[in-house]
$ cat start.txt   # compact mmCIF, N, CA and C atoms
# COMPACT_ATOMS: atom_id res chain seq x y z
N MET A 1 175.48 52.00 256.70
CA MET A 1 176.84 52.34 256.34
C MET A 1 177.79 51.22 256.74
N GLY A 2 177.55 50.63 257.90
CA GLY A 2 178.41 49.54 258.32
C GLY A 2 178.29 48.36 257.38
N TYR A 3 177.09 48.11 256.95
CA TYR A 3 176.85 47.00 256.02
C TYR A 3 177.56 47.26 254.70
N LEU A 4 177.44 48.48 254.18
CA LEU A 4 178.06 48.81 252.90
C LEU A 4 179.58 48.87 253.01
N GLY A 5 180.08 49.32 254.16
CA GLY A 5 181.52 49.46 254.32
C GLY A 5 182.23 48.16 254.67
N ALA A 6 181.49 47.18 255.10
CA ALA A 6 182.11 45.91 255.50
C ALA A 6 182.53 45.14 254.26
N GLU A 7 183.66 44.49 254.34
CA GLU A 7 184.10 43.68 253.21
C GLU A 7 183.29 42.40 253.13
N ASP A 8 182.92 41.89 254.28
CA ASP A 8 182.13 40.67 254.32
C ASP A 8 180.82 41.00 255.05
N ALA A 9 179.71 41.03 254.33
CA ALA A 9 178.43 41.44 254.90
C ALA A 9 177.98 40.50 256.02
N SER A 10 178.37 39.23 255.95
CA SER A 10 177.94 38.28 256.97
C SER A 10 178.54 38.62 258.34
N GLU A 11 179.75 39.16 258.36
CA GLU A 11 180.37 39.56 259.61
C GLU A 11 179.62 40.73 260.23
N TYR A 12 179.24 41.71 259.44
CA TYR A 12 178.52 42.87 259.96
C TYR A 12 177.15 42.47 260.47
N LEU A 13 176.43 41.69 259.71
CA LEU A 13 175.09 41.28 260.14
C LEU A 13 175.15 40.48 261.43
N SER A 14 176.13 39.63 261.57
CA SER A 14 176.27 38.84 262.79
C SER A 14 176.51 39.75 263.99
N ASP A 15 177.39 40.73 263.86
CA ASP A 15 177.68 41.66 264.95
C ASP A 15 176.46 42.51 265.28
N ALA A 16 175.77 42.99 264.25
CA ALA A 16 174.59 43.82 264.48
C ALA A 16 173.49 43.03 265.17
N LEU A 17 173.26 41.82 264.71
CA LEU A 17 172.24 40.97 265.32
C LEU A 17 172.62 40.62 266.76
N THR A 18 173.87 40.32 266.98
CA THR A 18 174.33 39.98 268.32
C THR A 18 174.14 41.15 269.28
N ALA A 19 174.52 42.35 268.84
CA ALA A 19 174.37 43.53 269.69
C ALA A 19 172.90 43.82 269.98
N THR A 20 172.07 43.69 268.95
CA THR A 20 170.63 43.93 269.13
C THR A 20 170.03 42.92 270.10
N LEU A 21 170.34 41.66 269.91
CA LEU A 21 169.81 40.62 270.79
C LEU A 21 170.31 40.78 272.22
N ARG A 22 171.55 41.17 272.39
CA ARG A 22 172.07 41.40 273.75
C ARG A 22 171.33 42.55 274.43
N GLY A 23 171.04 43.60 273.68
CA GLY A 23 170.29 44.72 274.23
C GLY A 23 168.89 44.31 274.64
N ILE A 24 168.23 43.54 273.81
CA ILE A 24 166.88 43.06 274.12
C ILE A 24 166.90 42.16 275.34
N MET A 25 167.85 41.25 275.40
CA MET A 25 167.94 40.33 276.53
C MET A 25 168.25 41.07 277.83
N SER A 26 169.12 42.06 277.77
CA SER A 26 169.45 42.84 278.96
C SER A 26 168.23 43.59 279.48
N SER A 27 167.50 44.19 278.56
CA SER A 27 166.29 44.91 278.95
C SER A 27 165.26 43.98 279.57
N ASN A 28 165.06 42.83 278.95
CA ASN A 28 164.11 41.85 279.49
C ASN A 28 164.56 41.31 280.84
N ALA A 29 165.84 41.07 281.00
CA ALA A 29 166.37 40.56 282.27
C ALA A 29 166.14 41.57 283.39
N ASN A 30 166.38 42.84 283.11
CA ASN A 30 166.17 43.87 284.13
C ASN A 30 164.69 43.95 284.53
N ARG A 31 163.81 43.89 283.54
CA ARG A 31 162.38 43.96 283.83
C ARG A 31 161.93 42.73 284.62
N LEU A 32 162.41 41.55 284.23
CA LEU A 32 162.05 40.33 284.95
C LEU A 32 162.58 40.34 286.38
N ASN A 33 163.80 40.83 286.56
CA ASN A 33 164.35 40.92 287.92
C ASN A 33 163.49 41.81 288.80
N SER A 34 163.06 42.92 288.25
CA SER A 34 162.21 43.84 289.01
C SER A 34 160.88 43.19 289.36
N LEU A 35 160.27 42.52 288.40
CA LEU A 35 158.99 41.85 288.65
C LEU A 35 159.13 40.72 289.66
N LEU A 36 160.20 39.96 289.57
CA LEU A 36 160.42 38.87 290.51
C LEU A 36 160.64 39.40 291.92
N PHE A 37 161.34 40.52 292.06
CA PHE A 37 161.56 41.10 293.37
C PHE A 37 160.24 41.54 293.97
N LYS A 38 159.41 42.23 293.17
CA LYS A 38 158.11 42.68 293.67
C LYS A 38 157.24 41.49 294.05
N SER A 39 157.30 40.44 293.28
CA SER A 39 156.53 39.23 293.58
C SER A 39 157.00 38.59 294.88
N ALA A 40 158.31 38.57 295.10
CA ALA A 40 158.85 38.00 296.34
C ALA A 40 158.42 38.82 297.55
N VAL A 41 158.35 40.15 297.39
CA VAL A 41 157.88 41.00 298.49
C VAL A 41 156.43 40.68 298.81
N GLU A 42 155.60 40.57 297.79
CA GLU A 42 154.18 40.26 298.01
C GLU A 42 154.01 38.87 298.64
N GLN A 43 154.80 37.92 298.19
CA GLN A 43 154.75 36.58 298.77
C GLN A 43 155.16 36.62 300.24
N GLY A 44 156.16 37.43 300.54
CA GLY A 44 156.60 37.57 301.93
C GLY A 44 155.51 38.20 302.79
N ILE A 45 154.82 39.19 302.24
CA ILE A 45 153.71 39.81 302.98
C ILE A 45 152.64 38.79 303.26
N MET A 46 152.29 38.00 302.26
CA MET A 46 151.26 36.98 302.47
C MET A 46 151.70 35.96 303.51
N ALA A 47 152.94 35.52 303.44
CA ALA A 47 153.43 34.53 304.40
C ALA A 47 153.39 35.09 305.82
N HIS A 48 153.83 36.32 305.99
CA HIS A 48 153.83 36.92 307.32
C HIS A 48 152.41 37.19 307.80
N THR A 49 151.52 37.57 306.89
CA THR A 49 150.13 37.81 307.28
C THR A 49 149.47 36.53 307.76
N ILE A 50 149.68 35.46 307.02
CA ILE A 50 149.12 34.18 307.43
C ILE A 50 149.73 33.72 308.74
N ALA A 51 151.05 33.88 308.87
CA ALA A 51 151.72 33.46 310.10
C ALA A 51 151.26 34.30 311.30
N ALA A 52 150.93 35.57 311.03
CA ALA A 52 150.49 36.46 312.11
C ALA A 52 149.03 36.25 312.47
N HIS A 53 148.34 35.42 311.75
CA HIS A 53 146.91 35.20 312.01
C HIS A 53 146.67 34.74 313.45
N PHE A 54 147.59 33.99 313.97
CA PHE A 54 147.42 33.46 315.32
C PHE A 54 147.95 34.41 316.39
N GLY A 55 148.58 35.46 315.99
CA GLY A 55 149.05 36.51 316.89
C GLY A 55 148.96 37.82 316.15
N ASP A 56 148.29 38.80 316.69
CA ASP A 56 147.99 40.02 315.96
C ASP A 56 149.16 41.00 315.89
N ALA A 57 150.36 40.53 315.74
CA ALA A 57 151.52 41.42 315.66
C ALA A 57 151.67 41.94 314.23
N MET A 58 152.35 43.08 314.09
CA MET A 58 152.69 43.70 312.80
C MET A 58 151.45 43.97 311.95
N GLU A 59 150.47 44.61 312.54
CA GLU A 59 149.24 44.91 311.80
C GLU A 59 149.42 46.05 310.81
N ASP A 60 150.33 46.91 311.04
CA ASP A 60 150.54 48.04 310.14
C ASP A 60 151.16 47.54 308.84
N ARG A 61 150.40 47.59 307.75
CA ARG A 61 150.85 47.03 306.49
C ARG A 61 152.01 47.80 305.88
N CYS A 62 152.09 49.09 306.12
CA CYS A 62 153.24 49.85 305.61
C CYS A 62 154.53 49.39 306.27
N ALA A 63 154.47 49.21 307.58
CA ALA A 63 155.64 48.72 308.31
C ALA A 63 155.99 47.30 307.86
N LEU A 64 154.95 46.51 307.63
CA LEU A 64 155.17 45.13 307.16
C LEU A 64 155.83 45.13 305.79
N ARG A 65 155.36 46.00 304.90
CA ARG A 65 155.95 46.06 303.55
C ARG A 65 157.42 46.45 303.63
N GLU A 66 157.76 47.44 304.45
CA GLU A 66 159.16 47.83 304.62
C GLU A 66 159.98 46.67 305.19
N TYR A 67 159.43 46.01 306.20
CA TYR A 67 160.13 44.88 306.82
C TYR A 67 160.39 43.77 305.81
N VAL A 68 159.35 43.41 305.05
CA VAL A 68 159.49 42.31 304.09
C VAL A 68 160.41 42.70 302.94
N THR A 69 160.37 43.95 302.50
CA THR A 69 161.27 44.40 301.45
C THR A 69 162.72 44.24 301.89
N ASP A 70 163.02 44.67 303.10
CA ASP A 70 164.37 44.48 303.64
C ASP A 70 164.72 43.00 303.78
N GLU A 71 163.75 42.21 304.21
CA GLU A 71 163.97 40.78 304.38
C GLU A 71 164.27 40.11 303.04
N VAL A 72 163.50 40.45 302.01
CA VAL A 72 163.71 39.85 300.68
C VAL A 72 165.09 40.22 300.16
N LYS A 73 165.51 41.46 300.38
CA LYS A 73 166.87 41.86 299.97
C LYS A 73 167.92 41.04 300.72
N ARG A 74 167.69 40.88 302.03
CA ARG A 74 168.67 40.18 302.87
C ARG A 74 168.77 38.69 302.53
N ILE A 75 167.63 38.05 302.30
CA ILE A 75 167.65 36.59 302.08
C ILE A 75 167.54 36.23 300.61
N ASN A 76 167.61 37.25 299.74
CA ASN A 76 167.60 37.04 298.30
C ASN A 76 166.34 36.32 297.81
N GLY A 77 165.21 36.62 298.44
CA GLY A 77 163.92 36.10 297.99
C GLY A 77 163.62 34.67 298.37
N GLN A 78 164.44 34.07 299.20
CA GLN A 78 164.25 32.66 299.58
C GLN A 78 163.43 32.54 300.86
N ILE A 79 162.22 33.07 300.86
CA ILE A 79 161.40 33.06 302.07
C ILE A 79 160.63 31.75 302.17
N LYS A 80 160.51 31.28 303.39
CA LYS A 80 159.75 30.05 303.66
C LYS A 80 158.68 30.37 304.70
N PHE A 81 157.55 29.74 304.59
CA PHE A 81 156.47 29.97 305.53
C PHE A 81 156.91 29.67 306.96
N GLU A 82 157.68 28.61 307.13
CA GLU A 82 158.13 28.22 308.47
C GLU A 82 158.98 29.33 309.10
N ASP A 83 159.83 29.97 308.30
CA ASP A 83 160.66 31.05 308.83
C ASP A 83 159.80 32.24 309.24
N ALA A 84 158.80 32.58 308.42
CA ALA A 84 157.91 33.68 308.77
C ALA A 84 157.13 33.36 310.04
N GLN A 85 156.70 32.13 310.17
CA GLN A 85 155.95 31.73 311.36
C GLN A 85 156.83 31.81 312.60
N ASP A 86 158.07 31.38 312.49
CA ASP A 86 159.00 31.48 313.63
C ASP A 86 159.21 32.93 314.05
N ILE A 87 159.36 33.82 313.07
CA ILE A 87 159.54 35.24 313.37
C ILE A 87 158.30 35.79 314.06
N GLN A 88 157.13 35.42 313.57
CA GLN A 88 155.89 35.91 314.17
C GLN A 88 155.74 35.41 315.61
N ARG A 89 156.19 34.22 315.86
CA ARG A 89 156.09 33.66 317.23
C ARG A 89 157.04 34.36 318.19
N MET A 90 158.11 34.96 317.69
CA MET A 90 159.08 35.66 318.54
C MET A 90 158.62 37.07 318.88
N LEU A 91 157.65 37.62 318.15
CA LEU A 91 157.19 38.99 318.41
C LEU A 91 156.41 39.03 319.71
N PRO A 92 156.46 40.17 320.43
CA PRO A 92 155.71 40.28 321.68
C PRO A 92 154.22 40.18 321.44
N ASP A 93 153.54 39.57 322.37
CA ASP A 93 152.09 39.39 322.28
C ASP A 93 151.40 40.64 322.81
N PHE A 94 150.47 41.20 322.06
CA PHE A 94 149.80 42.43 322.47
C PHE A 94 148.40 42.18 322.99
N ASP A 95 148.13 40.99 323.49
CA ASP A 95 146.79 40.66 324.02
C ASP A 95 146.52 41.35 325.33
$ encode --input "start.txt" --output "structure tokens"
Amino acid sequence: MGYLGAEDASEYLSDALTATLRGIMSSNANRLNSLLFKSAVEQGIMAHTIAAHFGDAMEDRCALREYVTDEVKRINGQIKFEDAQDIQRMLPDFD
């Protein structure tokens, strides 16, 4: 109906295509953001696990997942191995 009612069909098609493409891009962006966040959490878990290898702190993986999820939110996914290692070194030794 919009196509038939428009005086200039090129204007309607441009608007329809633009709206459709924006919807597709928004949906893809949301999905990618979610996947990237989950990937950053997993990367943080791996970094902390490797860093904890030399000290057996934070063995409970559920607690580690919660900790890393909060950390990724706080630091916006910019985790570095060196930072994880420093945190692990500050934890009390349970030997």
$ atom_distance --input "start.txt" --atom1 "atom CA of Tyr67 of chain A" --atom2 "atom CA of Glu82 of chain A"
16.9 Å
$ atom_distance --input "start.txt" --atom1 "atom C of Ser39 of chain A" --atom2 "atom N of Gln78 of chain A"
9.7 Å
$ axis_aligned_box --input "start.txt" --around "segment 59-70 of chain A" --padding-each-side "5 Å" --output "AutoDock Vina command-line options"
--center_x 157.0 --center_y 46.1 --center_z 307.0 --size_x 25.5 --size_y 17.5 --size_z 21.1
$ closest_residue --input "start.txt" --among "A:His48, A:Cys62, A:Phe37, A:Lys73" --to "Leu91 of chain A" --atoms "only C-alpha atoms"
A:His48
$ closest_residue --input "start.txt" --among "A:Val72, A:Arg61, A:Asp15, A:Ala51" --to "Ala84 of chain A" --atoms "only C-alpha atoms"
A:Ala51
$ atom_distance --input "start.txt" --atom1 "atom N of Lys38 of chain A" --atom2 "atom C of Phe81 of chain A"
18.8 Å
$ closest_residue --input "start.txt" --among "A:Ala29, A:Leu36, A:Ala19, A:Ala47" --to "Asp83 of chain A" --atoms "all atoms listed in the file"
A:Ala47
$ closest_residue --input "start.txt" --among "A:Ala52, A:Ile75, A:Ser14, A:Gly23" --to "Arg89 of chain A" --atoms "only N, CA and C atoms"
A:Ala52
$ closest_residue --input "start.txt" --among "A:His53, A:Asn30, A:Ala63, A:Arg74" --to "Gln88 of chain A" --atoms "all atoms listed in the file"
A:His53
$ residues_around --input "start.txt" --residues "Ile79 of chain A" --least-positions-apart "6" --cutoff "8 Å" --atoms "only N, CA and C atoms" --output "ChimeraX atom specification"
/A:40,43-44,71-72
